[in-house]
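A quick write-up on the structure given underneath.
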Amino acid sequence: MNKRIVVIIIMAVILGGTALWATSGPSAPPTYVFITIDTEPDFPPYMDSYRGIEEGIPVLLDLFEAYDVTATFLVTGTVAKHYPDMVRLMAEDHEIGSHAFSHRPLTSLSYEVKLQEIGVATSMLESIVGRDVTSFRAPYHKCDEDVVSILEGLGYLVESSAARGIEVPYHPSQEDWLSAGDMDILRVPVTRDPVLMYPYDLEGRSWPDVAKQILSCEQAPEAIVIGMHPWEFVDLDLDPCYGAYSRLCGEETYNDLRDLLHYLSSQDITYLSLSEGYDAFA
Ligand SMILES: [Zn+2]
């Protein structure tokens, strides 16, 4: 055989083997996406209606079914009290977590009232869904060491309030809930970088654009935590003084979420509920 042909065959075998190694080597794990819904009365503390529960939740459930999303609804005790059947409907395919009882900023309350706000909502939600409630987000994201230790004492697995500091899932310190430590409960904060992942906080950009930016990073994050409220999917006819809320509530936010889920359906991501996140990051 001609020497030149032999060299070409050897090179082809080497290159082929290299390509095979490259495609069969260890691949990066998928990014976990947590879709979380703060399920509360409309636009607190300014309104006390429940159009988000009556009109927004059915819209969200349909979208999640269409895109095979497992989500976590963090529900206030007041919603549970007025809409137990809707909570049961949400629980059929999704996790039910707690958003405390009455949507007051917990950090302004005494330890005893914090305990009451969290404990009453927990019992109410558990009696409605018939299983343990183990994920929590504080109203207005006002969390502190007391809240985290009350949650751990009640058997909660995940606390998910947004806060500056560590932005990846972590076990907090008993002395400082914003630092890593050795508590059993896991913090899965709402993603803040490049923006806080609520529709009105996207700084004029669309959800898909922000998600593309995050997922196209050389090292995509292990978790993206996205937050929303059911009332953002209803045209609340808010006064323009409320800025982004009055512009976005209703069709615009619906279209943005639909486009986000469509984009994510083509990406290497896995949807997890918050309590599934506890096991994934154990
Ligand atoms: Zn809230």
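Ligands are numbered from 1 in the order shown, chains are lettered A, B, ... in the order of the structure tokens, and residues start at 1 in each chain.
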Any chance you could tabulate, as a tab-separated table, the residues of stretch 154-271 of chain A at most 7 Å from stretch 51-74 of chain A with each one's nearest atom pair and distance in Å to one decimal, using only C-alpha atoms, in chain and rising number order?
```
residue	atom	partner	partner_atom	distance
A:Pro230	CA	A:Gly52	CA	4.6
A:Trp231	CA	A:Gly52	CA	3.7
A:Phe233	CA	A:Gly56	CA	5.2
A:Val234	CA	A:Gly56	CA	5.9
A:Leu261	CA	A:Tyr67	CA	6.5
A:Tyr271	CA	A:Thr70	CA	5.8
```
Could you write out that same residue set with N, CA and C atoms as a PDB file, in the first residue's frame?
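Just written: part.pdb:
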```
ATOM      1  N   PRO A 230     -49.563  34.895  40.684  1.00  0.00           N
ATOM      2  CA  PRO A 230     -50.701  34.635  39.785  1.00  0.00           C
ATOM      3  C   PRO A 230     -51.393  35.903  39.327  1.00  0.00           C
ATOM      4  N   TRP A 231     -51.383  36.965  40.149  1.00  0.00           N
ATOM      5  CA  TRP A 231     -52.067  38.215  39.757  1.00  0.00           C
ATOM      6  C   TRP A 231     -51.336  38.933  38.636  1.00  0.00           C
ATOM      7  N   PHE A 233     -50.752  37.637  35.930  1.00  0.00           N
ATOM      8  CA  PHE A 233     -51.315  37.092  34.694  1.00  0.00           C
ATOM      9  C   PHE A 233     -52.757  37.549  34.476  1.00  0.00           C
ATOM     10  N   VAL A 234     -53.155  38.571  35.237  1.00  0.00           N
ATOM     11  CA  VAL A 234     -54.501  39.139  35.146  1.00  0.00           C
ATOM     12  C   VAL A 234     -54.350  40.639  34.906  1.00  0.00           C
ATOM     13  N   LEU A 261     -41.068  29.420  28.463  1.00  0.00           N
ATOM     14  CA  LEU A 261     -41.229  27.962  28.542  1.00  0.00           C
ATOM     15  C   LEU A 261     -40.943  27.316  27.187  1.00  0.00           C
ATOM     16  N   TYR A 271     -36.784  20.573  35.165  1.00  0.00           N
ATOM     17  CA  TYR A 271     -37.620  21.271  36.145  1.00  0.00           C
ATOM     18  C   TYR A 271     -37.659  20.476  37.442  1.00  0.00           C
TER      19      TYR A 271
END
```
List as a count of residues only the protein and nucleic acid residues near A:Phe136, meaning an atom at most 8 Å away when only C-alpha atoms are counted, but skip any in the same chain fewer than 5 places from it.
10
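Each of A:Tyr198, A:Tyr140, A:Tyr254, A:Tyr170 was checked against ligand 1 using only C-alpha atoms and all ligand atoms; the smallest atom-to-atom distance is that of A:Tyr140.
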Produce as an MDAnalysis selection string the set of residues near ligand 1, where near means within 10 Å with only C-alpha atoms and all ligand atoms considered.
chainID A and resid 37:45 74:76 99:100 102:105 137:142 161 228:229
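Backbone DSSP of stretch 92-199 of chain A yields strand (DSSP E or B) at A:Glu95, A:Ile96, A:Gly97, A:Ser98, A:Ser135, A:Phe136, A:Val158, A:Glu159, A:Tyr170, A:Pro172, A:Ala180, A:Leu186, A:Arg187.
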Could you please write out, as a PyMOL selection string, every residue of stretch 41-237 of chain A that DSSP assigns to alpha helix (DSSP H)?
chain A and resi 51+57-66+77-82+84-93+111-129+145-153+207-215
